[in-house]
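Participant: This structure is in structure tokens; I'll ask about it shortly.
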Amino acid sequence: MPPSSSTSLPSLLGVFGHPDDESLLAGGVLAQHAAAGAPTAVVTATWVSDSHRAGELADALDILGAGRPRMLGFADARIPDSAPGRPRLCDTPLEEVAGLIVEHIRAVRPQVVVTHDAYGQLTGHPDHLRIHQATVLAFHAAGLEHLYPQVGDPWQPDALYAATHPHSGVGELGPRLTRVGKKVLSVPDEHVTVTVDVSDSKDRKLAAILAHRSEAARQRPLPGILSRLPAAERDPIIATEYFTLLGRRPAPGGAVLQQSR
């Protein structure tokens, strides 16, 4: 799907492990692209469509302008009740998960796909890592007619990016995560391809994060940590998003995320 005539920003599909990852990791970019008229969408791997987290996800996506929830319905690695009777995402064969992502890529037809980095983000959650692996496979498979032919006509996105955090960009977030027993897995600064200033969209990003009400009410999840911070401490954490280019389409050219600073 090409950009509309009113924008040079590419259409964008986010593929993430849990409800709230989209808002925390790429909420600013999703909001910027949607506000500029570029089509955006989000695939969420875990939780089921009749859960409370699905309703919160729908509210967050509405704030970001990213359409309806697209939920794969796997169980969270640490919360079996997230999808009763369904397998855990991290126990599901990689090829099966990739095929489901290919189906959404071919349906949405984005120019750019964004997912987790190879660490599974700062905290190394196993669901994040699994979706990183599956999305890398899906990005390359989506454009090949003989792979997953049952899930739609081939579509090759222009670029695949991982949302990430460089060492220099962790700042005050690192100590706040370690205080609640979480890992901090940042990457060398030179691994970052694009740094995006999303301060113009931070209010929408924060509103989307807080729309995940069940997480914002808890102590350890990042939405809860951010909800308790004063604006002067929170804004620097959410006002910049970082991405590493993981793949480009075989043909030259194509759309990319735009560096803002």
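Letters A, B, ... go to the chains of the structure tokens in the order shown; residues in each chain start at 1; ligands are counted from 1 in the same order.
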Could you pull the residues within 8 Å of A:Leu30, counting only C-alpha atoms, minus those fewer than 3 positions along the same chain, as a PDB file with C-alpha atoms, in the first residue's frame?
Facilitator:
```
ATOM      1  CA  LEU A  12       3.587   0.680   8.666  1.00  0.00           C
ATOM      2  CA  ALA A  26       6.674   2.300  18.585  1.00  0.00           C
ATOM      3  CA  GLY A  27       3.680   4.292  19.785  1.00  0.00           C
ATOM      4  CA  HIS A  33       2.548   7.958  10.502  1.00  0.00           C
ATOM      5  CA  ALA A  34      -1.190   7.758  11.137  1.00  0.00           C
ATOM      6  CA  THR A  40      -0.814   1.713  10.046  1.00  0.00           C
ATOM      7  CA  LEU A  64      -2.644   5.737  17.883  1.00  0.00           C
ATOM      8  CA  GLY A  65      -4.769   5.512  14.725  1.00  0.00           C
ATOM      9  CA  ALA A  66      -3.582   1.954  14.095  1.00  0.00           C
TER      10      ALA A  66
END
```
Participant: Excluding stretch 225-228 of chain A and residues on its chain fewer than 3 positions from it, collect all residues at most 8 Å away from it, counting only C-alpha atoms, and give them as a VMD selection string.
Facilitator: chain A and resid 176 210 216 219 to 222 234
Participant: Save the residues we just selected, N, CA, C and O atoms, as a tab-separated table (two decimals), in the first residue's frame?
Facilitator:
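Wrote it out as result_22.tsv, contents follow:
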```
chain	number	residue	atom	x	y	z
A	176	ARG	N	15.31	2.04	36.85
A	176	ARG	CA	13.92	1.78	37.26
A	176	ARG	C	13.52	0.34	36.95
A	176	ARG	O	12.72	-0.25	37.68
A	210	LEU	N	-1.20	4.22	28.74
A	210	LEU	CA	-2.09	4.19	29.91
A	210	LEU	C	-3.43	3.52	29.60
A	210	LEU	O	-4.15	3.12	30.53
A	216	ALA	N	-0.92	-0.72	33.71
A	216	ALA	CA	-0.59	0.56	34.35
A	216	ALA	C	-0.89	0.53	35.84
A	216	ALA	O	-0.29	1.29	36.62
A	219	GLN	N	2.79	-2.74	39.63
A	219	GLN	CA	4.04	-2.11	40.02
A	219	GLN	C	5.19	-2.41	39.05
A	219	GLN	O	5.96	-1.52	38.71
A	220	ARG	N	5.30	-3.66	38.58
A	220	ARG	CA	6.49	-4.06	37.82
A	220	ARG	C	6.42	-3.76	36.32
A	220	ARG	O	7.44	-3.46	35.72
A	221	PRO	N	5.26	-3.88	35.67
A	221	PRO	CA	5.23	-3.60	34.23
A	221	PRO	C	5.60	-2.15	33.92
A	221	PRO	O	5.36	-1.24	34.71
A	222	LEU	N	6.17	-1.96	32.73
A	222	LEU	CA	6.61	-0.63	32.35
A	222	LEU	C	5.47	0.40	32.31
A	222	LEU	O	5.68	1.55	32.72
A	234	ARG	N	9.34	11.35	33.03
A	234	ARG	CA	8.77	10.40	32.06
A	234	ARG	C	9.02	10.83	30.63
A	234	ARG	O	9.32	10.00	29.76
```
Participant: Can you work out the spacing between atom CA of A:Lys182 and atom CA of A:Thr123 in Å, to one decimal?
Facilitator: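 Atom-to-atom, atom CA of A:Lys182 and atom CA of A:Thr123 are spaced 5.9 Å apart.
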Participant: Which residue is closest to A:Arg248? Choose from A:Leu9, A:Val102, A:Val113, A:Leu24 and count only C-alpha atoms.
Facilitator: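 Using only C-alpha atoms, the shortest distance to A:Arg248 belongs to A:Val113.
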Participant: Atom CA of A:Ala58 to atom CA of A:Gly169: how many Å, to one decimal?
Facilitator: 29.2 Å
Participant: DSSP on the backbone, helix (DSSP H, G or I) only: what residues of stretch 63-191 of chain A does that give? Format it as a short mmCIF file (atom, residue, chain, number, x, y, z; two decimals) with all heavy atoms, in the first residue's frame.
Facilitator:
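Generated file (states-v9.cif):
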```
data_model
loop_
_atom_site.label_atom_id
_atom_site.label_comp_id
_atom_site.auth_asym_id
_atom_site.auth_seq_id
_atom_site.Cartn_x
_atom_site.Cartn_y
_atom_site.Cartn_z
N ILE A 63 -6.34 5.23 19.85
CA ILE A 63 -5.62 6.46 20.17
C ILE A 63 -4.49 6.69 19.16
O ILE A 63 -4.25 7.82 18.72
CB ILE A 63 -5.07 6.39 21.60
CG1 ILE A 63 -6.22 6.44 22.61
CG2 ILE A 63 -4.07 7.51 21.87
CD1 ILE A 63 -5.82 6.04 24.02
N LEU A 64 -3.79 5.63 18.80
CA LEU A 64 -2.64 5.74 17.88
C LEU A 64 -3.05 5.81 16.42
O LEU A 64 -2.22 6.08 15.56
CB LEU A 64 -1.70 4.55 18.08
CG LEU A 64 -1.06 4.42 19.46
CD1 LEU A 64 -0.26 3.12 19.55
CD2 LEU A 64 -0.18 5.62 19.76
N PRO A 80 -0.63 -18.40 31.57
CA PRO A 80 -1.44 -19.38 30.82
C PRO A 80 -2.88 -18.92 30.58
O PRO A 80 -3.47 -19.24 29.54
CB PRO A 80 -1.38 -20.63 31.70
CG PRO A 80 -0.14 -20.47 32.51
CD PRO A 80 0.01 -19.00 32.75
N ASP A 81 -3.46 -18.19 31.54
CA ASP A 81 -4.85 -17.75 31.40
C ASP A 81 -5.04 -16.70 30.32
O ASP A 81 -6.17 -16.32 30.03
CB ASP A 81 -5.36 -17.20 32.73
CG ASP A 81 -5.56 -18.29 33.77
OD1 ASP A 81 -5.56 -19.47 33.38
OD2 ASP A 81 -5.70 -17.96 34.96
N SER A 82 -3.96 -16.22 29.73
CA SER A 82 -4.07 -15.24 28.65
C SER A 82 -4.74 -15.84 27.41
O SER A 82 -5.30 -15.10 26.59
CB SER A 82 -2.69 -14.69 28.28
OG SER A 82 -1.83 -15.75 27.88
N LEU A 89 3.05 -19.10 22.94
CA LEU A 89 3.75 -18.64 21.75
C LEU A 89 5.14 -19.25 21.66
O LEU A 89 5.55 -19.73 20.59
CB LEU A 89 3.86 -17.11 21.78
CG LEU A 89 4.76 -16.47 20.72
CD1 LEU A 89 4.19 -16.69 19.32
CD2 LEU A 89 4.95 -14.98 21.00
N CYS A 90 5.87 -19.26 22.76
CA CYS A 90 7.26 -19.72 22.71
C CYS A 90 7.38 -21.23 22.54
O CYS A 90 8.47 -21.74 22.30
CB CYS A 90 8.03 -19.24 23.94
SG CYS A 90 7.34 -19.76 25.50
N ASP A 91 6.25 -21.97 22.64
CA ASP A 91 6.27 -23.42 22.41
C ASP A 91 5.79 -23.78 21.01
O ASP A 91 5.81 -24.96 20.63
CB ASP A 91 5.36 -24.12 23.42
CG ASP A 91 5.87 -24.02 24.85
OD1 ASP A 91 7.09 -23.85 25.03
OD2 ASP A 91 5.04 -24.07 25.77
N LEU A 94 8.23 -22.33 14.94
CA LEU A 94 8.54 -21.02 14.37
C LEU A 94 7.86 -20.84 13.01
O LEU A 94 7.34 -19.76 12.70
CB LEU A 94 10.05 -20.88 14.23
CG LEU A 94 10.63 -19.48 14.04
CD1 LEU A 94 10.21 -18.56 15.17
CD2 LEU A 94 12.15 -19.57 13.94
N GLU A 95 7.86 -21.90 12.20
CA GLU A 95 7.27 -21.80 10.86
C GLU A 95 5.76 -21.51 10.94
O GLU A 95 5.22 -20.81 10.09
CB GLU A 95 7.51 -23.09 10.08
CG GLU A 95 8.97 -23.37 9.76
CD GLU A 95 9.71 -24.00 10.94
OE1 GLU A 95 9.09 -24.24 12.00
OE2 GLU A 95 10.93 -24.24 10.80
N GLU A 96 5.10 -22.05 11.97
CA GLU A 96 3.67 -21.81 12.13
C GLU A 96 3.40 -20.34 12.49
O GLU A 96 2.50 -19.71 11.93
CB GLU A 96 3.11 -22.72 13.21
CG GLU A 96 1.62 -22.53 13.46
CD GLU A 96 1.09 -23.46 14.54
OE1 GLU A 96 1.71 -24.52 14.78
OE2 GLU A 96 0.05 -23.12 15.14
N VAL A 97 4.18 -19.82 13.42
CA VAL A 97 4.01 -18.41 13.80
C VAL A 97 4.32 -17.51 12.62
O VAL A 97 3.60 -16.54 12.34
CB VAL A 97 4.90 -18.07 15.00
CG1 VAL A 97 4.69 -16.61 15.43
CG2 VAL A 97 4.63 -19.00 16.18
N ALA A 98 5.40 -17.82 11.90
CA ALA A 98 5.77 -17.01 10.73
C ALA A 98 4.66 -17.00 9.69
O ALA A 98 4.37 -15.96 9.09
CB ALA A 98 7.07 -17.53 10.12
N GLY A 99 4.00 -18.13 9.48
CA GLY A 99 2.93 -18.19 8.50
C GLY A 99 1.76 -17.29 8.86
O GLY A 99 1.15 -16.66 7.98
N LEU A 100 1.45 -17.20 10.14
CA LEU A 100 0.37 -16.32 10.58
C LEU A 100 0.75 -14.85 10.35
O LEU A 100 -0.10 -14.02 9.97
CB LEU A 100 0.05 -16.56 12.05
CG LEU A 100 -0.52 -17.94 12.38
CD1 LEU A 100 -0.61 -18.13 13.88
CD2 LEU A 100 -1.89 -18.11 11.73
N ILE A 101 2.01 -14.53 10.56
CA ILE A 101 2.47 -13.16 10.32
C ILE A 101 2.47 -12.85 8.83
O ILE A 101 2.08 -11.75 8.40
CB ILE A 101 3.86 -12.94 10.95
CG1 ILE A 101 3.79 -13.12 12.46
CG2 ILE A 101 4.41 -11.55 10.60
CD1 ILE A 101 5.14 -13.18 13.14
N VAL A 102 2.89 -13.80 8.01
CA VAL A 102 2.83 -13.64 6.55
C VAL A 102 1.41 -13.30 6.11
O VAL A 102 1.20 -12.41 5.27
CB VAL A 102 3.34 -14.91 5.84
CG1 VAL A 102 2.97 -14.87 4.35
CG2 VAL A 102 4.84 -15.06 6.00
N GLU A 103 0.44 -13.99 6.69
CA GLU A 103 -0.95 -13.72 6.32
C GLU A 103 -1.33 -12.27 6.57
O GLU A 103 -1.99 -11.62 5.73
CB GLU A 103 -1.88 -14.66 7.09
CG GLU A 103 -3.34 -14.52 6.71
CD GLU A 103 -4.21 -15.58 7.34
OE1 GLU A 103 -3.70 -16.37 8.17
OE2 GLU A 103 -5.42 -15.61 7.03
N HIS A 104 -0.89 -11.72 7.69
CA HIS A 104 -1.22 -10.32 8.00
C HIS A 104 -0.41 -9.36 7.12
O HIS A 104 -0.94 -8.32 6.70
CB HIS A 104 -0.97 -10.04 9.48
CG HIS A 104 -2.05 -10.59 10.37
ND1 HIS A 104 -3.27 -9.99 10.52
CD2 HIS A 104 -2.08 -11.71 11.13
CE1 HIS A 104 -4.02 -10.69 11.35
NE2 HIS A 104 -3.31 -11.76 11.73
N ILE A 105 0.84 -9.69 6.84
CA ILE A 105 1.61 -8.83 5.94
C ILE A 105 0.94 -8.75 4.57
O ILE A 105 0.81 -7.68 3.98
CB ILE A 105 3.06 -9.36 5.81
CG1 ILE A 105 3.84 -9.16 7.11
CG2 ILE A 105 3.79 -8.66 4.65
CD1 ILE A 105 5.22 -9.78 7.11
N ARG A 106 0.49 -9.89 4.07
CA ARG A 106 -0.15 -9.90 2.75
C ARG A 106 -1.51 -9.22 2.76
O ARG A 106 -1.94 -8.66 1.74
CB ARG A 106 -0.26 -11.35 2.25
CG ARG A 106 1.10 -11.94 1.89
CD ARG A 106 1.02 -13.41 1.51
NE ARG A 106 2.33 -13.92 1.12
CZ ARG A 106 2.60 -15.19 0.86
NH1 ARG A 106 1.63 -16.10 0.97
NH2 ARG A 106 3.83 -15.57 0.51
N ALA A 107 -2.19 -9.24 3.89
CA ALA A 107 -3.49 -8.57 4.00
C ALA A 107 -3.32 -7.06 4.12
O ALA A 107 -4.03 -6.28 3.48
CB ALA A 107 -4.27 -9.11 5.19
N VAL A 108 -2.36 -6.63 4.93
CA VAL A 108 -2.15 -5.19 5.19
C VAL A 108 -1.33 -4.53 4.09
O VAL A 108 -1.54 -3.38 3.76
CB VAL A 108 -1.47 -5.01 6.56
CG1 VAL A 108 -1.12 -3.55 6.82
CG2 VAL A 108 -2.36 -5.54 7.67
N PRO A 126 10.78 -13.96 26.62
CA PRO A 126 10.83 -15.01 25.60
C PRO A 126 9.81 -14.83 24.48
O PRO A 126 10.06 -15.24 23.34
CB PRO A 126 10.56 -16.30 26.39
CG PRO A 126 9.96 -15.86 27.68
CD PRO A 126 10.52 -14.52 27.97
N ASP A 127 8.66 -14.23 24.76
CA ASP A 127 7.68 -13.97 23.69
C ASP A 127 8.20 -12.94 22.72
O ASP A 127 7.97 -13.04 21.51
CB ASP A 127 6.35 -13.51 24.29
CG ASP A 127 5.64 -14.61 25.05
OD1 ASP A 127 5.90 -15.79 24.79
OD2 ASP A 127 4.82 -14.28 25.92
N HIS A 128 8.89 -11.93 23.22
CA HIS A 128 9.47 -10.92 22.34
C HIS A 128 10.51 -11.55 21.42
O HIS A 128 10.56 -11.25 20.22
CB HIS A 128 10.14 -9.81 23.16
CG HIS A 128 9.22 -9.02 24.01
ND1 HIS A 128 9.68 -8.06 24.89
CD2 HIS A 128 7.87 -9.02 24.12
CE1 HIS A 128 8.65 -7.51 25.52
NE2 HIS A 128 7.54 -8.09 25.07
N LEU A 129 11.32 -12.40 21.98
CA LEU A 129 12.37 -13.05 21.19
C LEU A 129 11.75 -13.94 20.11
O LEU A 129 12.21 -13.95 18.96
CB LEU A 129 13.26 -13.88 22.11
CG LEU A 129 14.41 -14.63 21.45
CD1 LEU A 129 15.32 -13.68 20.69
CD2 LEU A 129 15.20 -15.40 22.51
N ARG A 130 10.69 -14.66 20.47
CA ARG A 130 10.04 -15.56 19.49
C ARG A 130 9.43 -14.76 18.35
O ARG A 130 9.53 -15.15 17.18
CB ARG A 130 8.95 -16.37 20.20
CG ARG A 130 8.45 -17.56 19.40
CD ARG A 130 9.54 -18.56 19.20
NE ARG A 130 9.08 -19.86 18.77
CZ ARG A 130 9.88 -20.83 18.40
NH1 ARG A 130 11.19 -20.65 18.42
NH2 ARG A 130 9.41 -22.00 18.03
N ILE A 131 8.82 -13.63 18.67
CA ILE A 131 8.21 -12.83 17.61
C ILE A 131 9.27 -12.16 16.75
O ILE A 131 9.08 -12.01 15.53
CB ILE A 131 7.24 -11.80 18.23
CG1 ILE A 131 5.91 -12.49 18.52
CG2 ILE A 131 7.01 -10.61 17.32
CD1 ILE A 131 5.20 -13.04 17.29
N HIS A 132 10.38 -11.78 17.33
CA HIS A 132 11.49 -11.28 16.51
C HIS A 132 11.90 -12.33 15.48
O HIS A 132 12.00 -12.03 14.28
CB HIS A 132 12.69 -10.93 17.39
CG HIS A 132 13.97 -10.78 16.64
ND1 HIS A 132 14.33 -9.63 15.97
CD2 HIS A 132 14.98 -11.68 16.39
CE1 HIS A 132 15.49 -9.80 15.38
NE2 HIS A 132 15.91 -11.03 15.60
N GLN A 133 12.12 -13.54 15.94
CA GLN A 133 12.56 -14.61 15.03
C GLN A 133 11.52 -14.90 13.96
O GLN A 133 11.85 -15.04 12.77
CB GLN A 133 12.84 -15.87 15.85
CG GLN A 133 13.98 -15.73 16.84
CD GLN A 133 14.01 -16.85 17.87
OE1 GLN A 133 13.01 -17.53 18.10
NE2 GLN A 133 15.15 -17.04 18.50
N ALA A 134 10.25 -14.98 14.35
CA ALA A 134 9.20 -15.31 13.39
C ALA A 134 8.97 -14.19 12.39
O ALA A 134 8.69 -14.44 11.22
CB ALA A 134 7.90 -15.62 14.14
N THR A 135 9.11 -12.94 12.83
CA THR A 135 8.88 -11.81 11.93
C THR A 135 9.99 -11.68 10.91
O THR A 135 9.74 -11.32 9.75
CB THR A 135 8.71 -10.51 12.72
OG1 THR A 135 7.66 -10.68 13.69
CG2 THR A 135 8.35 -9.35 11.81
N VAL A 136 11.22 -11.98 11.30
CA VAL A 136 12.32 -11.99 10.33
C VAL A 136 12.03 -13.01 9.23
O VAL A 136 12.18 -12.72 8.03
CB VAL A 136 13.66 -12.29 11.02
CG1 VAL A 136 14.76 -12.52 9.98
CG2 VAL A 136 14.06 -11.14 11.93
N LEU A 137 11.60 -14.21 9.61
CA LEU A 137 11.23 -15.22 8.61
C LEU A 137 10.07 -14.74 7.74
O LEU A 137 10.09 -14.88 6.51
CB LEU A 137 10.86 -16.53 9.30
CG LEU A 137 11.98 -17.36 9.93
CD1 LEU A 137 11.38 -18.62 10.56
CD2 LEU A 137 13.03 -17.74 8.91
N ALA A 138 9.06 -14.19 8.38
CA ALA A 138 7.87 -13.78 7.65
C ALA A 138 8.15 -12.65 6.67
O ALA A 138 7.58 -12.62 5.57
CB ALA A 138 6.79 -13.34 8.65
N PHE A 139 9.01 -11.72 7.06
CA PHE A 139 9.35 -10.61 6.17
C PHE A 139 9.89 -11.12 4.83
O PHE A 139 9.51 -10.65 3.77
CB PHE A 139 10.39 -9.71 6.84
CG PHE A 139 10.95 -8.63 5.95
CD1 PHE A 139 10.24 -7.46 5.72
CD2 PHE A 139 12.19 -8.78 5.34
CE1 PHE A 139 10.75 -6.47 4.90
CE2 PHE A 139 12.71 -7.80 4.53
CZ PHE A 139 11.98 -6.63 4.30
N HIS A 140 10.77 -12.11 4.89
CA HIS A 140 11.36 -12.64 3.66
C HIS A 140 10.42 -13.59 2.93
O HIS A 140 10.44 -13.66 1.70
CB HIS A 140 12.68 -13.34 3.99
CG HIS A 140 13.73 -12.42 4.51
ND1 HIS A 140 14.37 -11.49 3.72
CD2 HIS A 140 14.25 -12.27 5.76
CE1 HIS A 140 15.24 -10.80 4.45
NE2 HIS A 140 15.19 -11.26 5.68
N ALA A 141 9.57 -14.30 3.68
CA ALA A 141 8.67 -15.26 3.05
C ALA A 141 7.48 -14.59 2.38
O ALA A 141 6.93 -15.13 1.40
CB ALA A 141 8.16 -16.25 4.09
N PRO A 149 1.47 -20.30 0.25
CA PRO A 149 0.58 -19.85 -0.84
C PRO A 149 -0.89 -19.80 -0.42
O PRO A 149 -1.69 -19.12 -1.07
CB PRO A 149 0.80 -20.91 -1.93
CG PRO A 149 1.25 -22.13 -1.20
CD PRO A 149 2.08 -21.62 -0.06
N GLN A 150 -1.25 -20.47 0.66
CA GLN A 150 -2.64 -20.54 1.09
C GLN A 150 -3.09 -19.28 1.83
O GLN A 150 -4.28 -19.14 2.14
CB GLN A 150 -2.85 -21.76 2.00
CG GLN A 150 -2.24 -21.67 3.39
CD GLN A 150 -0.75 -21.99 3.43
OE1 GLN A 150 -0.08 -22.06 2.40
NE2 GLN A 150 -0.24 -22.20 4.63
N VAL A 151 -2.19 -18.34 2.12
CA VAL A 151 -2.57 -17.19 2.95
C VAL A 151 -2.50 -15.86 2.19
O VAL A 151 -2.31 -14.81 2.78
CB VAL A 151 -1.74 -17.11 4.25
CG1 VAL A 151 -1.99 -18.33 5.12
CG2 VAL A 151 -0.26 -16.93 3.97
N HIS A 167 22.80 1.68 24.22
CA HIS A 167 23.35 1.91 25.55
C HIS A 167 23.12 3.35 26.01
O HIS A 167 22.71 3.59 27.15
CB HIS A 167 24.86 1.62 25.57
CG HIS A 167 25.23 0.20 25.26
ND1 HIS A 167 24.42 -0.87 25.57
CD2 HIS A 167 26.35 -0.32 24.66
CE1 HIS A 167 25.01 -2.00 25.19
NE2 HIS A 167 26.18 -1.69 24.63
N SER A 168 23.36 4.30 25.11
CA SER A 168 23.27 5.71 25.48
C SER A 168 21.83 6.19 25.65
O SER A 168 21.60 7.27 26.20
CB SER A 168 23.96 6.59 24.43
OG SER A 168 23.28 6.51 23.19
N GLY A 169 20.87 5.40 25.18
CA GLY A 169 19.48 5.83 25.23
C GLY A 169 18.68 5.22 26.37
O GLY A 169 17.49 5.53 26.51
N LEU A 173 15.64 4.90 32.58
CA LEU A 173 14.80 3.72 32.49
C LEU A 173 15.51 2.49 33.05
O LEU A 173 14.89 1.64 33.69
CB LEU A 173 14.40 3.48 31.03
CG LEU A 173 13.46 2.31 30.76
CD1 LEU A 173 12.17 2.44 31.56
CD2 LEU A 173 13.16 2.22 29.26
N GLY A 174 16.82 2.39 32.82
CA GLY A 174 17.58 1.23 33.27
C GLY A 174 17.47 1.00 34.77
O GLY A 174 17.07 -0.10 35.21
N PRO A 175 17.81 1.98 35.60
CA PRO A 175 17.70 1.78 37.05
C PRO A 175 16.28 1.47 37.51
O PRO A 175 16.09 0.70 38.45
CB PRO A 175 18.19 3.12 37.62
CG PRO A 175 19.06 3.70 36.56
CD PRO A 175 18.47 3.24 35.26
N ARG A 176 15.31 2.04 36.85
CA ARG A 176 13.92 1.78 37.26
C ARG A 176 13.52 0.34 36.95
O ARG A 176 12.72 -0.25 37.68
CB ARG A 176 12.98 2.78 36.57
CG ARG A 176 13.23 4.20 37.02
CD ARG A 176 12.26 5.21 36.46
NE ARG A 176 12.62 6.54 36.88
CZ ARG A 176 12.37 7.08 38.07
NH1 ARG A 176 11.74 6.33 38.97
NH2 ARG A 176 12.75 8.30 38.37
N LEU A 177 14.06 -0.23 35.88
CA LEU A 177 13.79 -1.63 35.57
C LEU A 177 14.52 -2.57 36.52
O LEU A 177 13.97 -3.56 36.99
CB LEU A 177 14.16 -1.93 34.12
CG LEU A 177 13.30 -1.28 33.04
CD1 LEU A 177 13.89 -1.52 31.66
CD2 LEU A 177 11.86 -1.80 33.11
N THR A 178 15.78 -2.27 36.81
CA THR A 178 16.55 -3.15 37.70
C THR A 178 15.98 -3.14 39.11
O THR A 178 16.04 -4.16 39.81
CB THR A 178 18.03 -2.76 37.72
OG1 THR A 178 18.16 -1.39 38.11
CG2 THR A 178 18.67 -2.95 36.35
N ARG A 179 15.39 -2.03 39.53
CA ARG A 179 14.81 -1.97 40.87
C ARG A 179 13.65 -2.93 41.05
O ARG A 179 13.36 -3.35 42.17
CB ARG A 179 14.32 -0.54 41.16
CG ARG A 179 15.41 0.41 41.57
CD ARG A 179 14.84 1.77 41.95
NE ARG A 179 15.81 2.82 41.65
CZ ARG A 179 15.56 3.91 40.97
NH1 ARG A 179 14.34 4.13 40.48
NH2 ARG A 179 16.50 4.80 40.75
N ASP A 189 25.55 1.56 20.49
CA ASP A 189 24.94 2.68 19.79
C ASP A 189 25.02 2.54 18.28
O ASP A 189 24.10 2.95 17.56
CB ASP A 189 25.61 3.99 20.21
CG ASP A 189 25.17 4.45 21.59
OD1 ASP A 189 24.84 3.59 22.43
OD2 ASP A 189 25.15 5.67 21.83
N GLU A 190 26.10 1.95 17.79
CA GLU A 190 26.27 1.85 16.34
C GLU A 190 25.29 0.86 15.70
O GLU A 190 25.17 0.82 14.47
CB GLU A 190 27.70 1.46 15.99
CG GLU A 190 28.20 0.17 16.59
CD GLU A 190 28.91 0.36 17.93
OE1 GLU A 190 28.62 1.37 18.62
OE2 GLU A 190 29.75 -0.50 18.27
N HIS A 191 24.57 0.09 16.50
CA HIS A 191 23.56 -0.81 15.97
C HIS A 191 22.27 -0.08 15.60
O HIS A 191 21.41 -0.64 14.92
CB HIS A 191 23.23 -1.92 16.97
CG HIS A 191 24.29 -2.97 17.07
ND1 HIS A 191 24.00 -4.30 17.31
CD2 HIS A 191 25.63 -2.90 16.97
CE1 HIS A 191 25.12 -5.00 17.34
NE2 HIS A 191 26.13 -4.17 17.15
#
```
Participant: Could you tell me how far atom CA of A:Ser214 sits from atom CA of A:Met71, in Å to one decimal place?
Facilitator: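 Between atom CA of A:Met71 and atom CA of A:Ser214 the gap works out to 17.9 Å.
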Participant: Could you tell me which of A:Ile237, A:Val114, A:Val187, A:Ala83 comes closest to A:Glu22 if we count only C-alpha atoms?
Facilitator: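 Once distances to A:Glu22 are computed over only C-alpha atoms, the minimum belongs to A:Val114.
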Participant: Would you give me, as CSV, each residue of stretch 133-185 of chain A having an atom within 12 Å of an atom of stretch 195-202 of chain A, along with its shortest atom pair and that distance in Å to one decimal, using only C-alpha atoms and sorting by chain and residue number?
Facilitator:
```
residue,atom,partner,partner_atom,distance
A:Tyr161,CA,A:Thr195,CA,11.7
A:Ala162,CA,A:Thr195,CA,11.8
A:Ala163,CA,A:Thr195,CA,10.1
A:Thr164,CA,A:Thr195,CA,10.0
A:His165,CA,A:Thr195,CA,9.9
A:Pro166,CA,A:Thr195,CA,9.9
A:Ser168,CA,A:Thr195,CA,11.9
A:Gly169,CA,A:Thr195,CA,10.0
```
